[in-house]
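Enquirer: Hey, dropping work.txt in here, compact mmCIF, C-alpha atoms:
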# COMPACT_ATOMS: atom_id res chain seq x y z
CA MET A 1 34.50 78.67 -3.29
CA THR A 2 32.92 79.78 -6.58
CA ASN A 3 30.83 82.69 -7.77
CA VAL A 4 27.78 80.48 -8.40
CA ASN A 5 24.63 81.31 -6.45
CA LEU A 6 23.54 77.73 -5.94
CA LYS A 7 20.05 78.60 -4.72
CA ASP A 8 19.34 80.58 -7.89
CA TYR A 9 20.90 77.86 -10.05
CA LEU A 10 18.85 75.10 -8.44
CA ASN A 11 15.64 77.12 -8.68
CA GLU A 12 16.27 77.83 -12.37
CA LYS A 13 17.02 74.22 -13.25
CA LYS A 14 14.26 72.84 -11.03
CA SER A 15 11.74 75.09 -12.77
CA LEU A 16 13.00 73.88 -16.16
CA VAL A 17 12.70 70.23 -15.10
CA GLU A 18 9.23 70.65 -13.59
CA LYS A 19 7.90 72.38 -16.70
CA GLY A 20 9.33 69.52 -18.73
CA LEU A 21 7.75 66.90 -16.48
CA ASP A 22 4.37 68.63 -16.63
CA THR A 23 4.50 68.80 -20.43
CA LEU A 24 5.91 65.32 -21.07
CA THR A 25 3.64 63.39 -18.67
CA PRO A 26 0.14 62.46 -19.87
CA ALA A 27 -2.58 64.89 -18.77
CA ALA A 28 -4.62 64.02 -15.69
CA ASP A 29 -7.88 63.83 -17.68
CA LYS A 30 -6.46 61.60 -20.40
CA PRO A 31 -7.50 57.92 -20.16
CA PRO A 32 -6.70 56.03 -18.05
CA ALA A 33 -7.34 59.11 -15.93
CA ARG A 34 -6.89 57.54 -12.50
CA LEU A 35 -3.53 56.11 -13.46
CA ASN A 36 -2.34 59.38 -15.00
CA GLN A 37 -3.51 61.24 -11.89
CA ALA A 38 -1.51 58.91 -9.65
CA MET A 39 1.61 59.25 -11.81
CA ARG A 40 1.34 63.03 -11.83
CA TYR A 41 0.53 63.14 -8.11
CA SER A 42 3.85 61.54 -7.21
CA LEU A 43 5.94 63.00 -10.03
CA LEU A 44 4.85 66.61 -9.55
CA ALA A 45 4.81 66.58 -5.73
CA GLY A 46 8.09 68.46 -5.48
CA GLY A 47 11.43 67.13 -4.32
CA LYS A 48 15.00 68.23 -4.93
CA ARG A 49 15.13 67.06 -8.60
CA LEU A 50 18.78 66.21 -7.95
CA ARG A 51 19.19 63.58 -10.65
CA PRO A 52 17.79 65.59 -13.58
CA ILE A 53 19.65 68.69 -12.41
CA LEU A 54 22.87 66.65 -12.39
CA VAL A 55 22.24 65.65 -16.02
CA LEU A 56 21.85 69.32 -16.98
CA ALA A 57 24.79 70.50 -14.86
CA ALA A 58 27.10 67.82 -16.29
CA ALA A 59 26.21 68.94 -19.82
CA GLU A 60 27.10 72.51 -18.92
CA ALA A 61 30.31 71.36 -17.21
CA VAL A 62 31.61 70.05 -20.55
CA GLY A 63 30.68 73.32 -22.26
CA ALA A 64 27.37 72.43 -23.91
CA SER A 65 23.80 73.68 -23.70
CA CYS A 66 21.69 71.57 -21.37
CA LEU A 67 18.36 72.19 -23.13
CA PRO A 68 18.53 69.32 -25.67
CA LEU A 69 19.00 66.91 -22.76
CA LEU A 70 15.81 67.90 -20.92
CA PRO A 71 13.79 64.80 -21.99
CA PHE A 72 16.61 62.54 -20.76
CA ALA A 73 16.82 64.50 -17.50
CA CYS A 74 13.06 64.11 -17.04
CA ALA A 75 13.40 60.38 -17.74
CA MET A 76 15.74 60.10 -14.77
CA GLU A 77 13.24 61.82 -12.50
CA CYS A 78 10.52 59.45 -13.69
CA ILE A 79 12.70 56.49 -12.71
CA HIS A 80 13.54 58.03 -9.34
CA THR A 81 9.87 58.73 -8.59
CA TYR A 82 8.75 55.25 -9.64
CA SER A 83 11.31 53.81 -7.22
CA LEU A 84 9.92 55.96 -4.39
CA ILE A 85 6.35 54.85 -5.10
CA HIS A 86 7.37 51.20 -4.96
CA ASP A 87 9.68 51.67 -1.95
CA ASP A 88 6.79 53.17 0.02
CA LEU A 89 4.45 50.22 -0.56
CA PRO A 90 3.41 48.04 2.41
CA ALA A 91 5.41 45.11 1.02
CA MET A 92 8.56 47.24 1.06
CA ASP A 93 9.09 50.16 3.48
CA ASP A 94 5.38 50.69 4.28
CA ASP A 95 5.63 54.49 4.52
CA ASP A 96 2.72 56.90 4.86
CA LEU A 97 4.46 60.14 3.87
CA ARG A 98 6.59 61.18 0.91
CA ARG A 99 7.61 64.76 0.10
CA GLY A 100 5.29 65.93 2.87
CA LEU A 101 2.22 64.30 1.30
CA PRO A 102 0.45 60.96 1.67
CA THR A 103 2.30 58.30 -0.27
CA CYS A 104 0.82 57.20 -3.60
CA HIS A 105 -0.77 54.03 -2.23
CA LYS A 106 -2.33 56.02 0.63
CA GLN A 107 -3.71 58.71 -1.67
CA PHE A 108 -5.00 56.19 -4.23
CA ASP A 109 -4.65 52.46 -3.53
CA GLU A 110 -1.93 49.81 -3.71
CA ALA A 111 -2.81 48.48 -7.16
CA THR A 112 -2.92 51.97 -8.66
CA ALA A 113 0.39 52.84 -6.98
CA ILE A 114 2.05 49.75 -8.46
CA LEU A 115 0.77 50.66 -11.91
CA ALA A 116 1.80 54.30 -11.45
CA GLY A 117 5.34 53.13 -10.75
CA ASP A 118 5.25 50.82 -13.76
CA GLY A 119 3.91 53.66 -15.89
CA LEU A 120 6.64 56.07 -14.84
CA LEU A 121 9.38 53.50 -15.46
CA THR A 122 8.23 52.80 -18.99
CA LEU A 123 7.54 56.48 -19.68
CA ALA A 124 11.16 57.13 -18.72
CA PHE A 125 12.44 55.03 -21.60
CA GLN A 126 9.97 56.64 -23.98
CA LEU A 127 11.47 60.01 -22.99
CA ALA A 128 15.06 58.75 -23.11
CA THR A 129 14.57 57.70 -26.73
CA SER A 130 13.27 61.14 -27.76
CA PRO A 131 15.35 62.84 -30.46
CA MET A 132 18.00 65.13 -28.94
CA GLU A 133 19.56 67.83 -31.09
CA GLY A 134 23.25 67.25 -31.74
CA VAL A 135 23.30 63.75 -30.20
CA THR A 136 24.22 60.83 -32.42
CA ALA A 137 22.10 57.69 -32.35
CA SER A 138 25.03 55.59 -31.10
CA THR A 139 25.73 57.97 -28.21
CA GLN A 140 22.07 58.05 -27.25
CA LEU A 141 21.87 54.26 -27.40
CA THR A 142 24.88 53.99 -25.07
CA ALA A 143 23.27 56.43 -22.61
CA ILE A 144 20.01 54.44 -22.65
CA HIS A 145 22.02 51.26 -22.02
CA TYR A 146 23.68 52.89 -18.99
CA LEU A 147 20.31 54.12 -17.75
CA ALA A 148 18.79 50.63 -17.95
CA ARG A 149 21.83 49.10 -16.25
CA ASP A 150 21.99 51.61 -13.40
CA ALA A 151 18.23 51.61 -12.79
CA GLY A 152 17.95 47.83 -12.84
CA ILE A 153 19.36 44.73 -11.21
CA PHE A 154 22.95 45.92 -11.59
CA GLY A 155 22.12 49.23 -9.94
CA MET A 156 19.14 50.67 -8.07
CA VAL A 157 16.81 47.64 -8.11
CA GLY A 158 19.64 45.32 -7.12
CA GLY A 159 20.60 47.70 -4.33
CA GLN A 160 17.04 47.69 -3.03
CA MET A 161 17.17 43.89 -2.88
CA PHE A 162 20.49 44.00 -1.01
CA ASP A 163 18.87 46.48 1.39
CA LEU A 164 15.87 44.23 2.04
CA LEU A 165 18.13 41.25 2.67
CA ALA A 166 20.13 43.26 5.22
CA GLU A 167 17.12 44.34 7.33
CA GLY A 168 17.11 43.13 10.92
CA ARG A 169 20.78 42.16 11.07
CA GLN A 170 24.09 43.91 11.63
CA VAL A 171 26.16 44.44 8.49
CA GLU A 172 29.78 45.46 8.07
CA LEU A 173 30.76 48.76 6.45
CA ALA A 174 31.79 47.08 3.17
CA GLU A 175 28.33 45.51 2.78
CA LEU A 176 26.60 48.78 3.63
CA GLN A 177 28.69 50.60 1.05
CA ASN A 178 27.82 47.97 -1.54
CA ILE A 179 24.10 48.42 -0.82
CA HIS A 180 24.24 52.15 -1.35
CA ILE A 181 26.66 52.16 -4.27
CA HIS A 182 23.84 50.31 -6.03
CA LYS A 183 20.65 51.61 -4.38
CA THR A 184 21.47 55.34 -4.33
CA GLY A 185 24.79 55.84 -6.04
CA ALA A 186 24.19 54.12 -9.38
CA LEU A 187 21.47 56.46 -10.63
CA ILE A 188 23.31 59.56 -9.40
CA ARG A 189 26.47 58.44 -11.17
CA CYS A 190 24.40 57.67 -14.26
CA ALA A 191 23.09 61.24 -14.29
CA THR A 192 26.54 62.84 -14.42
CA VAL A 193 27.97 60.29 -16.88
CA CYS A 194 25.06 60.46 -19.31
CA GLY A 195 24.78 64.24 -19.06
CA ALA A 196 28.45 64.59 -20.04
CA MET A 197 28.36 61.91 -22.71
CA LEU A 198 25.19 63.15 -24.42
CA ALA A 199 26.57 66.69 -24.41
CA GLY A 200 29.71 65.64 -26.27
CA GLY A 201 32.15 65.40 -23.37
CA THR A 202 35.53 63.80 -23.98
CA PRO A 203 36.26 60.31 -22.61
CA ASP A 204 38.47 61.94 -19.96
CA GLN A 205 35.69 64.31 -18.90
CA VAL A 206 33.18 61.45 -18.74
CA HIS A 207 35.65 59.43 -16.65
CA HIS A 208 36.07 62.23 -14.11
CA LEU A 209 32.33 62.90 -13.94
CA ASN A 210 31.80 59.19 -13.35
CA ARG A 211 34.02 59.44 -10.27
CA TYR A 212 32.31 62.66 -9.19
CA GLY A 213 28.90 60.97 -9.42
CA GLU A 214 30.05 57.91 -7.48
CA ALA A 215 31.44 60.09 -4.68
CA ILE A 216 28.45 62.39 -4.26
CA GLY A 217 26.12 59.38 -4.44
CA ILE A 218 27.70 57.89 -1.32
CA ALA A 219 27.93 61.31 0.37
CA PHE A 220 24.23 61.85 -0.32
CA GLN A 221 23.30 58.53 1.32
CA ILE A 222 25.46 59.18 4.37
CA VAL A 223 23.81 62.57 4.82
CA ASP A 224 20.37 60.96 4.41
CA ASP A 225 21.27 58.55 7.22
CA ILE A 226 22.34 61.47 9.42
CA LEU A 227 19.15 63.40 8.69
CA ASP A 228 17.02 60.35 9.51
CA GLU A 229 18.58 60.51 12.98
CA ILE A 230 18.66 64.26 13.64
CA GLY A 231 15.91 65.65 11.38
CA ASP A 232 12.18 65.80 11.98
CA THR A 233 9.28 64.68 9.83
CA SER A 234 8.31 68.20 8.74
CA GLN A 235 11.89 68.91 7.64
CA LEU A 236 12.37 65.63 5.79
CA GLY A 237 8.96 65.34 4.15
CA LYS A 238 8.91 61.69 5.25
CA THR A 239 8.75 59.93 8.61
CA ALA A 240 11.89 60.62 10.63
CA GLY A 241 13.62 57.74 12.42
CA SER A 242 12.17 55.15 10.07
CA ASP A 243 15.54 53.45 9.45
CA ARG A 244 15.97 52.72 13.14
CA ARG A 245 12.44 51.40 13.51
CA LYS A 246 12.91 49.07 10.53
CA GLN A 247 16.26 47.87 11.90
CA LYS A 248 18.12 49.06 8.83
CA SER A 249 21.89 49.32 9.01
CA THR A 250 23.02 52.90 8.45
CA TYR A 251 26.26 54.85 8.46
CA THR A 252 25.23 56.58 11.69
CA GLN A 253 24.54 53.25 13.37
CA LEU A 254 27.89 51.82 12.30
CA MET A 255 30.12 54.83 13.01
CA GLY A 256 28.14 57.46 14.91
CA ILE A 257 27.03 60.87 13.66
CA SER A 258 30.38 62.63 14.06
CA ARG A 259 32.36 60.05 12.13
CA ALA A 260 29.60 59.75 9.53
CA ARG A 261 29.85 63.49 8.91
CA GLN A 262 33.61 63.12 8.41
CA GLU A 263 33.07 60.24 6.01
CA ALA A 264 30.62 62.38 4.01
CA GLN A 265 33.23 65.16 3.97
CA ASN A 266 35.82 62.73 2.59
CA TYR A 267 33.52 61.76 -0.29
CA VAL A 268 32.71 65.40 -1.05
CA ASP A 269 36.45 66.14 -1.13
CA GLU A 270 36.89 63.24 -3.54
CA ALA A 271 34.11 64.62 -5.76
CA LEU A 272 35.71 68.07 -5.80
CA HIS A 273 39.08 66.51 -6.66
CA ALA A 274 37.45 64.77 -9.66
CA LEU A 275 36.51 68.23 -10.99
CA ALA A 276 40.01 69.69 -10.55
CA ASP A 277 40.70 69.99 -14.29
CA PHE A 278 37.28 71.38 -15.21
CA PRO A 279 36.77 75.11 -15.87
CA SER A 280 34.26 77.37 -14.13
CA SER A 281 31.44 75.77 -16.14
CA ALA A 282 31.62 72.95 -13.56
CA ASP A 283 31.15 75.33 -10.63
CA PRO A 284 27.48 74.35 -10.15
CA LEU A 285 28.63 70.74 -9.67
CA ARG A 286 31.22 71.90 -7.15
CA GLU A 287 28.60 73.83 -5.19
CA LEU A 288 26.16 70.91 -5.38
CA ALA A 289 28.74 68.66 -3.71
CA ARG A 290 29.22 71.19 -0.92
CA TYR A 291 25.45 71.61 -0.57
CA ILE A 292 24.96 67.86 -0.04
CA LEU A 293 27.32 68.06 2.92
CA SER A 294 25.76 71.21 4.36
CA ARG A 295 22.40 69.42 4.75
CA SER A 296 23.86 67.39 7.64
CA GLN A 297 25.03 70.38 9.69
Mind converting the file's structure to structure tokens?
Expert:
Amino acid sequence: MTNVNLKDYLNEKKSLVEKGLDTLTPAADKPPARLNQAMRYSLLAGGKRLRPILVLAAAEAVGASCLPLLPFACAMECIHTYSLIHDDLPAMDDDDLRRGLPTCHKQFDEATAILAGDGLLTLAFQLATSPMEGVTASTQLTAIHYLARDAGIFGMVGGQMFDLLAEGRQVELAELQNIHIHKTGALIRCATVCGAMLAGGTPDQVHHLNRYGEAIGIAFQIVDDILDEIGDTSQLGKTAGSDRRKQKSTYTQLMGISRARQEAQNYVDEALHALADFPSSADPLRELARYILSRSQ
């Protein structure tokens, strides 16, 4: 264990991210006001802010200040939120609740929700191209390339398509892993890789944080599957049991809750092993990995 108080760390970084999001997102009364209101409604509705916090924590893990990377961290949250807005639409998962509130299309309307997602996606790349102190143009360009790759057809969007194609049929573990390596894992891995790279991490450090991100991405999805089975709607902030109702293949369906917990533990152990050569500056990442697992207990 470490000396990091994870709750305090998460609160500090979450506050930093949310102030950044509030400042960097167009004001609610700025035209087109309804669109800006819908974007801000979903973006500022709370949530764990895991992906932007991982960007900041990875920067600190390689010994740098995280503050210059705040616009890039906020860009990742914009992409994550846009994906939630679109996932919740009737044509996709048709969900009524997100983060304990009516989903964007329920609060506004479907067309506005689609545009809000589009707006957040494009705003993300506007933020990712913001000047960052101490970051060379070539390094920033590489990070933006990774962000586009991992958010798009080779990552999150592709994973969502794999997920849709798997609905209503039994899949094998290898296919399920492939879905979530793309749908959930790609953007989480991108956060740790880009955070380290933009902060001046060595190729070896970036390599190990790539593996860390891959491992916690899968662990996070396994725990989400467990919580969908054992949690309740008020705890999750979204409708519990929705995976079962939509006939989605999950880790709990394939291996049961007990074995799924062990599988999540294995991935967390792998993530911690990836940090073995990092100093105490990586302790927040170590505690984050353990926290992901603790959510399933």
Enquirer: Mind checking which residues fall within 10 Å of segment 248-255 of chain A, counting only C-alpha atoms, ignoring those fewer than 6 positions away in the same chain, and posting them as a list in words?
Expert: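 In the requested format, the answer is Asp163, Leu164, Leu165, Ala166, Glu167, Gly168, Arg169, Gln170, Val171, Glu172, Leu173, Glu175, Leu176, Gln177, His180, Gln221, Ile222, Val223, Asp224, Asp225, Ile226, Leu227, Asp228, Glu229, Ser242, Arg261, Glu263 and Ala264 of chain A.
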Enquirer: Next, dump the selected residues to file, keeping only C-alpha atoms, as a PDB file, keeping the file's coordinate frame.
Expert:
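As written to disk, selection21.pdb reads:
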ATOM      1  CA  ASP A 163      18.870  46.480   1.390  1.00  0.00           C
ATOM      2  CA  LEU A 164      15.870  44.230   2.040  1.00  0.00           C
ATOM      3  CA  LEU A 165      18.130  41.250   2.670  1.00  0.00           C
ATOM      4  CA  ALA A 166      20.130  43.260   5.220  1.00  0.00           C
ATOM      5  CA  GLU A 167      17.120  44.340   7.330  1.00  0.00           C
ATOM      6  CA  GLY A 168      17.110  43.130  10.920  1.00  0.00           C
ATOM      7  CA  ARG A 169      20.780  42.160  11.070  1.00  0.00           C
ATOM      8  CA  GLN A 170      24.090  43.910  11.630  1.00  0.00           C
ATOM      9  CA  VAL A 171      26.160  44.440   8.490  1.00  0.00           C
ATOM     10  CA  GLU A 172      29.780  45.460   8.070  1.00  0.00           C
ATOM     11  CA  LEU A 173      30.760  48.760   6.450  1.00  0.00           C
ATOM     12  CA  GLU A 175      28.330  45.510   2.780  1.00  0.00           C
ATOM     13  CA  LEU A 176      26.600  48.780   3.630  1.00  0.00           C
ATOM     14  CA  GLN A 177      28.690  50.600   1.050  1.00  0.00           C
ATOM     15  CA  HIS A 180      24.240  52.150  -1.350  1.00  0.00           C
ATOM     16  CA  GLN A 221      23.300  58.530   1.320  1.00  0.00           C
ATOM     17  CA  ILE A 222      25.460  59.180   4.370  1.00  0.00           C
ATOM     18  CA  VAL A 223      23.810  62.570   4.820  1.00  0.00           C
ATOM     19  CA  ASP A 224      20.370  60.960   4.410  1.00  0.00           C
ATOM     20  CA  ASP A 225      21.270  58.550   7.220  1.00  0.00           C
ATOM     21  CA  ILE A 226      22.340  61.470   9.420  1.00  0.00           C
ATOM     22  CA  LEU A 227      19.150  63.400   8.690  1.00  0.00           C
ATOM     23  CA  ASP A 228      17.020  60.350   9.510  1.00  0.00           C
ATOM     24  CA  GLU A 229      18.580  60.510  12.980  1.00  0.00           C
ATOM     25  CA  SER A 242      12.170  55.150  10.070  1.00  0.00           C
ATOM     26  CA  ARG A 261      29.850  63.490   8.910  1.00  0.00           C
ATOM     27  CA  GLU A 263      33.070  60.240   6.010  1.00  0.00           C
ATOM     28  CA  ALA A 264      30.620  62.380   4.010  1.00  0.00           C
TER      29      ALA A 264
END
Enquirer: Skip Val193 of chain A itself and residues of its chain fewer than 4 positions away, then list as a list of chain:residue names all residues within 7 Å of it, counting all atoms listed in the file.
Expert: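 In the requested form, the answer reads A:Arg189, A:Met197, A:Val206, A:Leu209, A:Asn210.
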Enquirer: Kindly indicate which residue among A:Cys78, A:Leu6, A:Ala91, A:Ala289 lies nearest to Ile216 of chain A, using all atoms listed in the file for the distances.
Expert: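 Using all atoms listed in the file, the shortest distance to Ile216 of chain A belongs to A:Ala289.
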Enquirer: Work out how far apart atom CA of Met39 of chain A and atom CA of Ala116 of chain A are and give it in Å to one decimal.
Expert: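 Atom CA of Ala116 of chain A lies 5.0 Å from atom CA of Met39 of chain A.
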Enquirer: From the set A:Ser138, A:Leu56, A:Pro68, A:Thr25, which residue has the shortest atom-to-atom contact distance to Thr192 of chain A, counting all atoms listed in the file?
Expert: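 Counting all atoms listed in the file, the residue closest to Thr192 of chain A is A:Leu56.
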Enquirer: Pick out the residues sitting within 6 Å of Ala191 of chain A, and hand them over as a ChimeraX atom specification; count all atoms listed in the file, and ignore anything fewer than 2 positions along from it in its own chain.
Expert: /A:51,54-55,188-189,193-195
Enquirer: So the first atom is atom CA of Leu275 of chain A and the second is atom CA of Asn5 of chain A; what is the distance between them in Å, to one decimal place?
Expert: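 That distance, rounded to one decimal, is 18.2 Å.
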Enquirer: For a quick check of understanding, using all atoms listed in the file, which of A:Leu24, A:Val4, A:Leu288, A:Ala38 has the smallest distance to Thr103 of chain A?
Expert: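 Of all the options, A:Ala38 lies closest to Thr103 of chain A.
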Enquirer: By how many Å are atom CA of Ala274 of chain A and atom CA of Gly152 of chain A apart?
Expert: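 About the pair atom CA of Ala274 of chain A and atom CA of Gly152 of chain A: they are 26.0 Å apart.
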Enquirer: Which residue, A:Thr2, A:Ser15, A:Ser280, A:Thr112, has the smallest gap to Arg34 of chain A when you use only C-alpha atoms?
Expert: A:Thr112
Enquirer: Applying 9 Å and all atoms listed in the file, which residues near Val268 of chain A remain after dropping the ones on its own chain fewer than 5 positions away? List them as a ChimeraX atom specification.
Expert: /A:212,215-216,219,263,273,289-290,292-293
Enquirer: With a distance cut-off of 8 Å and all atoms listed in the file, select the neighbouring residues of Pro71 of chain A, excluding the residue or stretch itself and same-chain residues fewer than 5 positions from it, and output the selection as a list in words.
Expert: Gly20, Leu24, Leu127, Ala128 and Ser130 of chain A
Enquirer: For each of A:Ala45, A:Leu70, A:Val62, A:Cys104, take the minimum atom-to-atom distance to Pro279 of chain A, counting all atoms listed in the file, then give the residue where this is smallest.
Expert: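 Nearest candidate to Pro279 of chain A out of A:Ala45, A:Leu70, A:Val62, A:Cys104: A:Val62.
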Enquirer: Pick from A:Thr139, A:Asn178, A:Ser294, A:Ser258: nearest to Ala199 of chain A, with all atoms listed in the file counted?
Expert: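 The shortest atom-to-atom distance to Ala199 of chain A comes from A:Thr139.
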